[in-house]
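A.B. asks: One file is attached below, entry.cif, containing mmCIF, C-alpha atoms and all ligand atoms.
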```
data_model
#
loop_
_atom_site.group_PDB
_atom_site.id
_atom_site.type_symbol
_atom_site.label_atom_id
_atom_site.label_comp_id
_atom_site.auth_asym_id
_atom_site.auth_seq_id
_atom_site.Cartn_x
_atom_site.Cartn_y
_atom_site.Cartn_z
ATOM 1 C CA MET G 70 8.074 17.562 -27.285
ATOM 2 C CA LEU G 71 8.546 15.156 -30.166
ATOM 3 C CA ASN G 72 10.787 16.586 -32.907
ATOM 4 C CA ARG G 73 10.921 19.918 -31.080
ATOM 5 C CA ARG G 74 14.017 21.562 -29.680
ATOM 6 C CA ILE G 75 14.401 22.303 -25.975
ATOM 7 C CA LEU G 76 15.041 26.036 -26.276
ATOM 8 C CA HIS G 77 15.766 26.469 -22.603
ATOM 9 C CA ALA G 78 16.096 23.963 -19.766
ATOM 10 C CA GLN G 79 15.822 25.420 -16.278
ATOM 11 C CA VAL G 80 17.089 23.273 -13.420
ATOM 12 C CA ARG G 81 15.975 24.881 -10.194
ATOM 13 C CA ARG G 82 17.688 22.651 -7.609
ATOM 14 C CA ASP G 83 20.641 20.262 -7.308
ATOM 15 C CA GLY G 84 18.661 17.079 -7.405
ATOM 16 C CA LEU G 85 15.641 15.147 -6.272
ATOM 17 C CA ARG G 86 15.964 11.648 -4.887
ATOM 18 C CA TRP G 87 19.547 11.679 -6.132
ATOM 19 C CA PRO G 88 21.705 14.589 -7.348
ATOM 20 C CA PHE G 89 21.097 15.584 -10.961
ATOM 21 C CA PRO G 90 23.883 14.738 -13.431
ATOM 22 C CA PRO G 91 26.552 17.434 -13.908
ATOM 23 C CA HIS G 92 25.629 20.397 -16.136
ATOM 24 C CA MET G 93 22.142 19.025 -16.731
ATOM 25 C CA ALA G 94 20.626 22.296 -17.933
ATOM 26 C CA GLU G 95 23.472 22.935 -20.411
ATOM 27 C CA ARG G 96 23.352 19.364 -21.727
ATOM 28 C CA LEU G 97 19.619 19.587 -22.431
ATOM 29 C CA THR G 98 19.342 23.140 -23.724
ATOM 30 C CA GLY G 99 19.333 23.266 -27.535
ATOM 31 C CA CYS G 100 18.738 19.535 -28.012
ATOM 32 C CA ARG G 101 16.036 18.194 -30.291
ATOM 33 C CA VAL G 102 13.790 15.429 -28.957
ATOM 34 C CA LEU G 103 14.051 12.423 -31.282
ATOM 35 C CA HIS G 104 11.943 9.826 -29.476
ATOM 36 C CA LEU G 105 9.797 9.581 -26.377
ATOM 37 C CA ARG G 106 9.827 6.118 -24.872
ATOM 38 C CA ARG G 107 8.982 4.361 -21.661
ATOM 39 C CA ARG G 108 10.563 1.426 -19.874
ATOM 40 C CA SER G 109 8.840 0.240 -16.703
ATOM 41 C CA LYS G 110 8.070 3.435 -14.772
ATOM 42 C CA TYR G 111 10.877 5.370 -16.455
ATOM 43 C CA ILE G 112 10.239 7.999 -19.114
ATOM 44 C CA LEU G 113 13.045 8.037 -21.712
ATOM 45 C CA ILE G 114 13.626 11.110 -23.836
ATOM 46 C CA ASP G 115 16.152 10.502 -26.637
ATOM 47 C CA LEU G 116 17.963 13.644 -27.763
ATOM 48 C CA ASP G 117 19.954 14.507 -30.866
ATOM 49 C CA SER G 118 23.034 14.857 -28.653
ATOM 50 C CA ASP G 119 23.040 11.017 -28.518
ATOM 51 C CA GLU G 120 22.088 11.243 -24.874
ATOM 52 C CA THR G 121 18.858 10.109 -23.242
ATOM 53 C CA LEU G 122 17.139 11.865 -20.382
ATOM 54 C CA ILE G 123 15.783 9.311 -17.902
ATOM 55 C CA ILE G 124 12.920 10.487 -15.693
ATOM 56 C CA HIS G 125 11.104 8.759 -12.834
ATOM 57 C CA LEU G 126 8.127 10.445 -11.230
ATOM 58 C CA GLY G 127 8.771 8.895 -7.808
ATOM 59 C CA MET G 128 5.865 9.253 -5.376
ATOM 60 C CA SER G 129 4.460 12.624 -6.296
ATOM 61 C CA GLY G 130 6.214 13.771 -9.466
ATOM 62 C CA ARG G 131 4.201 15.170 -12.366
ATOM 63 C CA MET G 132 5.096 16.156 -15.890
ATOM 64 C CA LEU G 133 2.778 19.059 -16.651
ATOM 65 C CA VAL G 134 2.321 20.146 -20.236
ATOM 66 C CA ALA G 135 1.249 23.721 -20.832
ATOM 67 C CA PRO G 136 0.505 24.569 -24.455
ATOM 68 C CA ALA G 137 2.028 27.653 -26.033
ATOM 69 C CA PRO G 138 0.221 30.725 -24.718
ATOM 70 C CA GLY G 139 -2.614 31.517 -27.073
ATOM 71 C CA ALA G 140 -2.592 28.031 -28.587
ATOM 72 C CA PRO G 141 -6.099 26.788 -29.334
ATOM 73 C CA LEU G 142 -5.917 23.820 -26.995
ATOM 74 C CA PRO G 143 -8.124 23.015 -24.020
ATOM 75 C CA LEU G 144 -6.674 24.791 -21.002
ATOM 76 C CA VAL G 145 -7.079 23.185 -17.624
ATOM 77 C CA GLY G 146 -6.335 24.670 -14.229
ATOM 78 C CA ARG G 147 -3.290 23.233 -12.502
ATOM 79 C CA ASP G 148 -5.382 22.189 -9.547
ATOM 80 C CA GLY G 149 -7.644 20.236 -11.882
ATOM 81 C CA VAL G 150 -10.711 22.144 -10.758
ATOM 82 C CA GLY G 151 -10.532 24.965 -13.245
ATOM 83 C CA GLY G 152 -8.571 27.608 -11.323
ATOM 84 C CA THR G 153 -5.820 29.581 -13.032
ATOM 85 C CA LEU G 154 -5.586 28.913 -16.726
ATOM 86 C CA VAL G 155 -2.172 27.640 -17.753
ATOM 87 C CA GLY G 156 -0.558 29.903 -20.284
ATOM 88 C CA ASN G 157 -2.670 32.942 -19.543
ATOM 89 C CA ASP G 158 -0.033 35.045 -17.867
ATOM 90 C CA ASP G 159 2.704 37.078 -19.470
ATOM 91 C CA ALA G 160 5.681 36.156 -17.264
ATOM 92 C CA GLY G 161 8.364 33.807 -18.708
ATOM 93 C CA GLY G 162 7.520 33.681 -22.406
ATOM 94 C CA GLY G 163 3.833 34.020 -21.646
ATOM 95 C CA HIS G 164 3.766 31.244 -19.051
ATOM 96 C CA PRO G 165 3.023 31.842 -15.371
ATOM 97 C CA GLY G 166 6.028 32.016 -13.052
ATOM 98 C CA PRO G 167 7.182 28.713 -11.519
ATOM 99 C CA GLU G 168 5.376 27.349 -8.486
ATOM 100 C CA LYS G 169 7.019 26.069 -5.342
ATOM 101 C CA HIS G 170 7.659 22.481 -6.414
ATOM 102 C CA ASP G 171 8.425 23.152 -10.086
ATOM 103 C CA HIS G 172 11.971 21.766 -10.153
ATOM 104 C CA VAL G 173 12.802 21.389 -13.839
ATOM 105 C CA ILE G 174 11.250 23.382 -16.681
ATOM 106 C CA PHE G 175 11.625 22.880 -20.428
ATOM 107 C CA ASP G 176 10.600 25.686 -22.743
ATOM 108 C CA MET G 177 10.069 24.023 -26.080
ATOM 109 C CA GLU G 178 10.389 25.261 -29.607
ATOM 110 C CA GLY G 179 6.828 26.239 -30.487
ATOM 111 C CA GLY G 180 6.138 27.747 -27.071
ATOM 112 C CA ALA G 181 4.913 24.812 -24.985
ATOM 113 C CA ARG G 182 6.287 24.502 -21.476
ATOM 114 C CA ILE G 183 6.939 21.142 -19.824
ATOM 115 C CA THR G 184 7.287 21.302 -16.042
ATOM 116 C CA PHE G 185 8.480 18.595 -13.688
ATOM 117 C CA ASN G 186 6.729 19.281 -10.374
ATOM 118 C CA ASP G 187 7.437 17.047 -7.372
ATOM 119 C CA ALA G 188 6.368 17.988 -3.851
ATOM 120 C CA ARG G 189 7.948 15.009 -2.086
ATOM 121 C CA ARG G 190 11.060 14.911 -4.254
ATOM 122 C CA PHE G 191 11.322 11.128 -4.642
ATOM 123 C CA GLY G 192 11.495 11.618 -8.380
ATOM 124 C CA ALA G 193 14.707 11.211 -10.338
ATOM 125 C CA MET G 194 16.413 12.447 -13.487
ATOM 126 C CA ASP G 195 19.632 11.252 -15.038
ATOM 127 C CA ILE G 196 21.293 11.427 -18.439
ATOM 128 C CA ALA G 197 22.860 8.402 -20.145
ATOM 129 C CA PRO G 198 24.329 7.678 -23.586
ATOM 130 C CA SER G 199 21.383 6.659 -25.793
ATOM 131 C CA ALA G 200 23.314 3.731 -27.269
ATOM 132 C CA ASP G 201 23.432 1.897 -23.958
ATOM 133 C CA VAL G 202 20.688 3.462 -21.923
ATOM 134 C CA PHE G 203 19.406 0.029 -20.927
ATOM 135 C CA ALA G 204 22.718 -0.662 -19.204
ATOM 136 C CA HIS G 205 21.978 2.209 -16.802
ATOM 137 C CA ARG G 206 21.853 1.034 -13.187
ATOM 138 C CA LEU G 207 18.150 1.900 -12.906
ATOM 139 C CA LEU G 208 17.190 -0.040 -16.029
ATOM 140 C CA ALA G 209 19.655 -2.921 -16.271
ATOM 141 C CA ASN G 210 17.838 -5.449 -14.114
ATOM 142 C CA LEU G 211 14.230 -4.806 -15.047
ATOM 143 C CA GLY G 212 12.035 -7.733 -16.055
ATOM 144 C CA PRO G 213 9.830 -7.715 -19.157
ATOM 145 C CA GLU G 214 7.047 -5.221 -19.768
ATOM 146 C CA PRO G 215 3.730 -6.628 -18.537
ATOM 147 C CA LEU G 216 2.004 -5.417 -21.724
ATOM 148 C CA GLY G 217 4.789 -6.648 -24.010
ATOM 149 C CA ASN G 218 5.212 -9.874 -25.963
ATOM 150 C CA HIS G 219 7.942 -11.270 -23.695
ATOM 151 C CA PHE G 220 5.592 -11.502 -20.752
ATOM 152 C CA ASP G 221 3.480 -14.629 -20.987
ATOM 153 C CA GLU G 222 2.396 -17.683 -19.061
ATOM 154 C CA ALA G 223 5.537 -19.700 -19.822
ATOM 155 C CA TYR G 224 7.787 -16.857 -18.696
ATOM 156 C CA LEU G 225 5.861 -16.151 -15.493
ATOM 157 C CA THR G 226 5.638 -19.858 -14.611
ATOM 158 C CA SER G 227 9.407 -20.197 -14.975
ATOM 159 C CA ARG G 228 10.064 -17.161 -12.754
ATOM 160 C CA LEU G 229 7.687 -18.288 -9.994
ATOM 161 C CA GLN G 230 8.802 -21.914 -9.972
ATOM 162 C CA GLY G 231 10.403 -22.971 -6.693
ATOM 163 C CA ARG G 232 10.056 -19.495 -5.173
ATOM 164 C CA ASN G 233 9.129 -19.442 -1.522
ATOM 165 C CA LEU G 234 8.082 -15.782 -1.291
ATOM 166 C CA PRO G 235 4.435 -14.652 -1.286
ATOM 167 C CA ILE G 236 3.002 -14.032 -4.771
ATOM 168 C CA LYS G 237 2.347 -10.408 -3.738
ATOM 169 C CA SER G 238 6.089 -9.853 -3.236
ATOM 170 C CA ALA G 239 6.978 -11.746 -6.410
ATOM 171 C CA LEU G 240 4.740 -9.539 -8.565
ATOM 172 C CA LEU G 241 6.156 -6.401 -6.952
ATOM 173 C CA ASP G 242 9.697 -7.573 -7.749
ATOM 174 C CA GLN G 243 10.631 -5.415 -10.751
ATOM 175 C CA ARG G 244 13.160 -8.042 -11.889
ATOM 176 C CA ILE G 245 10.291 -10.501 -12.466
ATOM 177 C CA VAL G 246 7.912 -8.072 -14.172
ATOM 178 C CA ALA G 247 8.548 -4.355 -14.604
ATOM 179 C CA GLY G 248 6.208 -1.591 -13.617
ATOM 180 C CA LEU G 249 3.589 -3.236 -11.406
ATOM 181 C CA GLY G 250 2.962 -1.268 -8.225
ATOM 182 C CA ASN G 251 1.334 -2.016 -4.899
ATOM 183 C CA ILE G 252 -2.211 -0.989 -5.787
ATOM 184 C CA TYR G 253 -2.349 -2.876 -9.052
ATOM 185 C CA VAL G 254 -0.923 -6.081 -7.598
ATOM 186 C CA SER G 255 -3.792 -6.176 -5.058
ATOM 187 C CA GLU G 256 -6.309 -5.623 -7.858
ATOM 188 C CA VAL G 257 -4.691 -8.266 -10.085
ATOM 189 C CA LEU G 258 -4.668 -10.944 -7.377
ATOM 190 C CA HIS G 259 -8.344 -10.381 -6.643
ATOM 191 C CA ARG G 260 -9.235 -10.819 -10.304
ATOM 192 C CA ALA G 261 -7.148 -13.990 -10.468
ATOM 193 C CA SER G 262 -8.700 -15.323 -7.185
ATOM 194 C CA ILE G 263 -5.227 -15.803 -5.694
ATOM 195 C CA SER G 264 -4.393 -14.900 -2.093
ATOM 196 C CA PRO G 265 -1.526 -12.387 -1.780
ATOM 197 C CA LYS G 266 -0.084 -14.696 0.907
ATOM 198 C CA ARG G 267 0.145 -17.770 -1.327
ATOM 199 C CA LYS G 268 3.710 -18.888 -1.964
ATOM 200 C CA ALA G 269 4.726 -17.995 -5.514
ATOM 201 C CA GLY G 270 6.057 -21.475 -6.246
ATOM 202 C CA ARG G 271 2.871 -23.152 -5.065
ATOM 203 C CA ILE G 272 0.361 -21.791 -7.557
ATOM 204 C CA ALA G 273 -0.985 -24.337 -10.017
ATOM 205 C CA SER G 274 -0.030 -23.538 -13.609
ATOM 206 C CA ALA G 275 -3.684 -23.128 -14.632
ATOM 207 C CA ARG G 276 -3.935 -20.338 -12.068
ATOM 208 C CA VAL G 277 -0.654 -18.718 -13.142
ATOM 209 C CA ALA G 278 -2.260 -18.643 -16.594
ATOM 210 C CA THR G 279 -5.065 -16.443 -15.226
ATOM 211 C CA LEU G 280 -2.536 -14.006 -13.752
ATOM 212 C CA VAL G 281 -1.164 -12.844 -17.088
ATOM 213 C CA PRO G 282 -4.502 -11.611 -18.531
ATOM 214 C CA ALA G 283 -5.475 -10.203 -15.106
ATOM 215 C CA ILE G 284 -2.290 -8.092 -15.082
ATOM 216 C CA ARG G 285 -2.865 -6.848 -18.624
ATOM 217 C CA ASP G 286 -6.538 -6.072 -17.969
ATOM 218 C CA VAL G 287 -5.885 -4.088 -14.781
ATOM 219 C CA LEU G 288 -3.095 -2.061 -16.413
ATOM 220 C CA ASN G 289 -5.027 -1.392 -19.617
ATOM 221 C CA GLU G 290 -8.120 -0.296 -17.706
ATOM 222 C CA ALA G 291 -6.061 1.920 -15.395
ATOM 223 C CA ILE G 292 -4.323 3.564 -18.362
ATOM 224 C CA ALA G 293 -7.676 4.129 -20.106
ATOM 225 C CA SER G 294 -8.934 5.805 -16.910
ATOM 226 C CA GLY G 295 -5.938 8.148 -16.700
ATOM 227 C CA GLY G 296 -4.339 6.306 -13.770
ATOM 228 C CA SER G 297 -5.225 6.286 -10.075
ATOM 229 C CA SER G 298 -5.240 9.552 -8.125
ATOM 230 C CA LEU G 299 -5.088 8.720 -4.428
ATOM 231 C CA ARG G 300 -2.906 11.605 -3.301
ATOM 232 C CA ASP G 301 -0.604 12.996 -5.920
ATOM 233 C CA HIS G 302 -1.050 11.523 -9.365
ATOM 234 C CA ARG G 303 -2.197 13.912 -12.083
ATOM 235 C CA GLN G 304 -2.405 13.561 -15.825
ATOM 236 C CA THR G 305 -0.242 15.854 -17.962
ATOM 237 C CA ASN G 306 -3.071 18.382 -18.264
ATOM 238 C CA GLY G 307 -3.430 18.557 -14.472
ATOM 239 C CA GLU G 308 -6.585 16.460 -14.313
ATOM 240 C CA LEU G 309 -7.039 13.632 -11.839
ATOM 241 C CA GLY G 310 -7.010 10.001 -12.924
ATOM 242 C CA ASN G 311 -10.177 7.988 -12.363
ATOM 243 C CA PHE G 312 -9.183 4.360 -11.874
ATOM 244 C CA GLN G 313 -9.457 4.685 -8.073
ATOM 245 C CA HIS G 314 -13.231 4.554 -8.571
ATOM 246 C CA ASN G 315 -12.844 1.086 -10.097
ATOM 247 C CA PHE G 316 -10.800 -0.511 -7.311
ATOM 248 C CA ARG G 317 -12.303 -3.841 -6.296
ATOM 249 C CA VAL G 318 -10.157 -4.362 -3.191
ATOM 250 C CA TYR G 319 -7.635 -1.556 -2.674
ATOM 251 C CA GLY G 320 -8.752 0.653 0.242
ATOM 252 C CA ARG G 321 -12.013 -1.325 0.626
ATOM 253 C CA GLN G 322 -11.286 -3.142 3.912
ATOM 254 C CA GLY G 323 -14.486 -4.105 5.757
ATOM 255 C CA GLN G 324 -16.600 -3.757 2.612
ATOM 256 C CA SER G 325 -18.291 -6.538 0.667
ATOM 257 C CA CYS G 326 -16.368 -8.473 -1.953
ATOM 258 C CA LEU G 327 -17.455 -7.517 -5.465
ATOM 259 C CA THR G 328 -16.986 -11.001 -6.919
ATOM 260 C CA ALA G 329 -20.356 -12.305 -8.086
ATOM 261 C CA SER G 330 -21.643 -15.012 -5.738
ATOM 262 C CA CYS G 331 -19.007 -14.240 -3.041
ATOM 263 C CA ASN G 332 -20.269 -12.928 0.294
ATOM 264 C CA GLY G 333 -16.788 -12.321 1.759
ATOM 265 C CA LYS G 334 -15.469 -9.067 3.180
ATOM 266 C CA ILE G 335 -12.253 -7.373 2.074
ATOM 267 C CA VAL G 336 -9.438 -7.378 4.636
ATOM 268 C CA ARG G 337 -6.213 -5.403 4.837
ATOM 269 C CA ILE G 338 -2.935 -7.034 5.829
ATOM 270 C CA VAL G 339 0.635 -5.727 5.793
ATOM 271 C CA GLN G 340 3.258 -7.609 3.780
ATOM 272 C CA SER G 341 6.862 -6.361 3.653
ATOM 273 C CA GLY G 342 5.657 -3.047 5.056
ATOM 274 C CA ARG G 343 3.059 -2.508 2.305
ATOM 275 C CA SER G 344 -0.722 -2.816 2.529
ATOM 276 C CA SER G 345 -2.404 -5.719 0.767
ATOM 277 C CA PHE G 346 -6.154 -5.880 0.337
ATOM 278 C CA TYR G 347 -7.944 -9.123 -0.481
ATOM 279 C CA CYS G 348 -10.982 -11.306 0.054
ATOM 280 C CA PRO G 349 -10.066 -14.355 2.162
ATOM 281 C CA LYS G 350 -13.131 -16.147 0.870
ATOM 282 C CA CYS G 351 -12.622 -16.151 -2.899
ATOM 283 C CA GLN G 352 -8.830 -15.601 -3.017
ATOM 284 C CA ARG G 353 -6.952 -18.771 -2.186
HETATM 285 ZN ZN ZN B 1 -14.630 -12.628 -2.437
#
```
Take the structure in the file and write it out as structure tokens.
C.D. replies:
Amino acid sequence: MLNRRILHAQVRRDGLRWPFPPHMAERLTGCRVLHLRRRSKYILIDLDSDETLIIHLGMSGRMLVAPAPGAPLPLVGRDGVGGTLVGNDDAGGGHPGPEKHDHVIFDMEGGARITFNDARRFGAMDIAPSADVFAHRLLANLGPEPLGNHFDEAYLTSRLQGRNLPIKSALLDQRIVAGLGNIYVSEVLHRASISPKRKAGRIASARVATLVPAIRDVLNEAIASGGSSLRDHRQTNGELGNFQHNFRVYGRQGQSCLTASCNGKIVRIVQSGRSSFYCPKCQR
């Protein structure tokens, strides 16, 4: 998409989680993509109209990238198991016709097609002025990026100090750190040997110090593995992510703890309506 023009934007319904902004297709059609950025779980696409398209994948949303028909790129079946080849049909500029949950389609200069597919429709798109996109209601209150320079031990210590909520809830709070989800918080707390039930304000600073590298390690490894495909997540080429095979606690209730020298068993509890998985023996 970078430096290419959106030749045609198709918007095939009124909205997803929320209504789409007015005239979305017209506002996107003809624009050149200047930058592709990310903030927390939001994809930001800066356009030469001085507007930015904000996209959230929600629960099941996918951005699928189909190369220009005939382009010499590896073609992968949409179901990830090598079924229909993307870009091998002659409908719609050489691309196959839209599928049921293809809600927004961008036909790019150069022939590639970008499709936003979302079966459960918890995804979101909005358009904001690029100059103050970070003032948008979805972005304004986000904490620092966990992989960025503003997230460190001193910052995290200051945000946890005096807080009476469980550390699990604190790490899920996007105002404290942006972009950590339920699965990864369970994995992080296991690596840091901290119980998800421990009160955030009652973790010794030496142990808070272990949280920061644990968060970065889990996220970097998950990204390198293409993410975690439990139900819906796909990479842009339609392939599954692989990090689910590296979970140490998530979904492993009743199984042995993987910490060396620990003979505990993983348990599942529910906190604020979400599952937490941990080892009561080595996570304190
Ligand atoms: Zn253990």
A.B. asks: Apply the PyMOL selection byres (((not hetatm)) within 8 of (chain B and resi 1)) to the displayed file and report the matching residues as a PyMOL selection string.
C.D. replies: chain G and resi 259+325-328+331-335+347-352
A.B. asks: Quick one, how far is CA of Pro88 in chain G from CA of Ala209 in chain G?
C.D. replies: 19.8 Å
A.B. asks: Using only C-alpha atoms, find all polymer residues with an atom at most 6 Å away from the point (15.0, 4.6, -15.0); report them as a VMD selection string.
C.D. replies: chain G and resid 111 123 207 to 208
A.B. asks: From the list G:Ala247, G:Asp83, G:Arg353, G:Thr121, which residue is nearest Cys100 in chain G when using all atoms listed in the file?
C.D. replies: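 Distance minimum relative to Cys100 in chain G lands on G:Thr121.
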A.B. asks: List the spatial neighbours of range 268-271 of chain G as a VMD selection string - criterion: any atom at most 8 Å away, only C-alpha atoms, same-chain residues fewer than 4 positions off excluded.
C.D. replies: chain G and resid 229 to 236 239
A.B. asks: Would you please work out which residue, of G:Val336, G:Ile112, G:Ile196, G:Ala278, is nearest to Pro265 in chain G when using all atoms listed in the file?
C.D. replies: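 Nearest candidate to Pro265 in chain G out of G:Val336, G:Ile112, G:Ile196, G:Ala278: G:Val336.
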A.B. asks: Of the candidates G:Ser344, G:Glu214, G:Gly99, G:Pro91, which one gets nearest to Leu288 in chain G if we count only C-alpha atoms?
C.D. replies: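 Result for the nearest residue to Leu288 in chain G: G:Glu214.
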A.B. asks: When you count only C-alpha atoms, which of these residues is closest to Ser238 in chain G: G:Asn251, G:Leu299, G:Ile263, G:Ser330?
C.D. replies: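 Closest to Ser238 in chain G, using only C-alpha atoms: G:Asn251.
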A.B. asks: Pull out every residue that the PyMOL selection byres (((chain G and resi 289-292) around 12) and not hetatm) matches in the shown coordinates and put them as a PyMOL selection string.
C.D. replies: chain G and resi 215-217+249-250+252-253+256-257+282-288+293-298+304+310-316
A.B. asks: If you count all atoms listed in the file, which residues fall within 10 Å of Ala223 in chain G, apart from same-chain ones fewer than 2 positions away, as a list of chain:residue names?
C.D. replies: G:His219, G:Phe220, G:Asp221, G:Leu225, G:Thr226, G:Ser227, G:Arg228, G:Ser274, G:Val277, G:Ala278, G:Val281
A.B. asks: So, with only C-alpha atoms as the atoms that count, which of G:Leu258, G:Leu71, G:Leu133, G:Ile124 lies closest to Phe89 in chain G?
C.D. replies: G:Ile124
A.B. asks: Once the PyMOL selection byres (((chain G and resi 166-173) around 8) and not hetatm) is applied to the coordinates I shared, what remains selected? I want it as a list in words.
C.D. replies: Ala78, Gln79, Val80, Arg81, Arg82, Ala160, Gly161, His164, Pro165, Ile174, Phe175, Thr184, Phe185, Asn186, Asp187 and Ala188 of chain G
A.B. asks: Put those residues in a file: C-alpha atoms, as a compact mmCIF listing (two decimals), in the coordinates of the input.
C.D. replies:
```txt
# COMPACT_ATOMS: atom_id res chain seq x y z
CA ALA G 78 16.10 23.96 -19.77
CA GLN G 79 15.82 25.42 -16.28
CA VAL G 80 17.09 23.27 -13.42
CA ARG G 81 15.98 24.88 -10.19
CA ARG G 82 17.69 22.65 -7.61
CA ALA G 160 5.68 36.16 -17.26
CA GLY G 161 8.36 33.81 -18.71
CA HIS G 164 3.77 31.24 -19.05
CA PRO G 165 3.02 31.84 -15.37
CA ILE G 174 11.25 23.38 -16.68
CA PHE G 175 11.62 22.88 -20.43
CA THR G 184 7.29 21.30 -16.04
CA PHE G 185 8.48 18.60 -13.69
CA ASN G 186 6.73 19.28 -10.37
CA ASP G 187 7.44 17.05 -7.37
CA ALA G 188 6.37 17.99 -3.85
```
A.B. asks: Let me make sure I understand: among G:Arg190, G:Lys110, G:His77, G:Arg343, which one has the smallest atom-to-atom distance to Met93 in chain G if we use all atoms listed in the file?
C.D. replies: G:His77
A.B. asks: What is the distance, in Å and to one decimal place, between CA of Asn72 in chain G and CA of Arg107 in chain G?
C.D. replies: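 Between CA of Asn72 in chain G and CA of Arg107 in chain G the gap works out to 16.7 Å.
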A.B. asks: Work out how far apart CA of Ala137 in chain G and CA of Pro90 in chain G are and give it in Å to one decimal.
C.D. replies: 28.3 Å
A.B. asks: Could you give me the centre and size, in Å to one decimal, of an axis-aligned box around all listed atoms of range 216-225 of chain G with 8 Å added on every side, as lines of an AutoDock Vina configuration file?
C.D. replies:
```
center_x = 5.0
center_y = -12.6
center_z = -20.7
size_x = 21.9
size_y = 30.3
size_z = 26.5
```
A.B. asks: Would you fill out range 264-275 of chain G with N, CA and C atoms and return it as a PDB file, in the frame of the given file?
C.D. replies:
```
ATOM      1  N   SER G 264      -4.715 -15.622  -3.324  1.00  0.00           N
ATOM      2  CA  SER G 264      -4.393 -14.900  -2.093  1.00  0.00           C
ATOM      3  C   SER G 264      -3.009 -14.260  -2.210  1.00  0.00           C
ATOM      4  N   PRO G 265      -2.865 -13.027  -1.739  1.00  0.00           N
ATOM      5  CA  PRO G 265      -1.526 -12.387  -1.780  1.00  0.00           C
ATOM      6  C   PRO G 265      -0.506 -13.131  -0.924  1.00  0.00           C
ATOM      7  N   LYS G 266      -0.999 -13.970   0.012  1.00  0.00           N
ATOM      8  CA  LYS G 266      -0.084 -14.696   0.907  1.00  0.00           C
ATOM      9  C   LYS G 266       0.407 -16.014   0.317  1.00  0.00           C
ATOM     10  N   ARG G 267      -0.230 -16.475  -0.759  1.00  0.00           N
ATOM     11  CA  ARG G 267       0.145 -17.770  -1.327  1.00  0.00           C
ATOM     12  C   ARG G 267       1.588 -17.736  -1.813  1.00  0.00           C
ATOM     13  N   LYS G 268       2.313 -18.817  -1.523  1.00  0.00           N
ATOM     14  CA  LYS G 268       3.710 -18.888  -1.964  1.00  0.00           C
ATOM     15  C   LYS G 268       3.765 -18.933  -3.495  1.00  0.00           C
ATOM     16  N   ALA G 269       4.654 -18.124  -4.054  1.00  0.00           N
ATOM     17  CA  ALA G 269       4.726 -17.995  -5.514  1.00  0.00           C
ATOM     18  C   ALA G 269       4.925 -19.341  -6.207  1.00  0.00           C
ATOM     19  N   GLY G 270       5.751 -20.192  -5.616  1.00  0.00           N
ATOM     20  CA  GLY G 270       6.057 -21.475  -6.246  1.00  0.00           C
ATOM     21  C   GLY G 270       4.976 -22.520  -6.054  1.00  0.00           C
ATOM     22  N   ARG G 271       3.924 -22.169  -5.347  1.00  0.00           N
ATOM     23  CA  ARG G 271       2.871 -23.152  -5.065  1.00  0.00           C
ATOM     24  C   ARG G 271       1.529 -22.737  -5.668  1.00  0.00           C
ATOM     25  N   ILE G 272       1.590 -22.144  -6.846  1.00  0.00           N
ATOM     26  CA  ILE G 272       0.361 -21.791  -7.557  1.00  0.00           C
ATOM     27  C   ILE G 272       0.276 -22.698  -8.780  1.00  0.00           C
ATOM     28  N   ALA G 273      -0.820 -23.408  -8.888  1.00  0.00           N
ATOM     29  CA  ALA G 273      -0.985 -24.337 -10.017  1.00  0.00           C
ATOM     30  C   ALA G 273      -0.872 -23.571 -11.336  1.00  0.00           C
ATOM     31  N   SER G 274      -0.315 -24.249 -12.359  1.00  0.00           N
ATOM     32  CA  SER G 274      -0.030 -23.538 -13.609  1.00  0.00           C
ATOM     33  C   SER G 274      -1.298 -22.976 -14.250  1.00  0.00           C
ATOM     34  N   ALA G 275      -2.432 -23.657 -14.063  1.00  0.00           N
ATOM     35  CA  ALA G 275      -3.684 -23.128 -14.632  1.00  0.00           C
ATOM     36  C   ALA G 275      -4.030 -21.786 -14.000  1.00  0.00           C
TER      37      ALA G 275
END
```
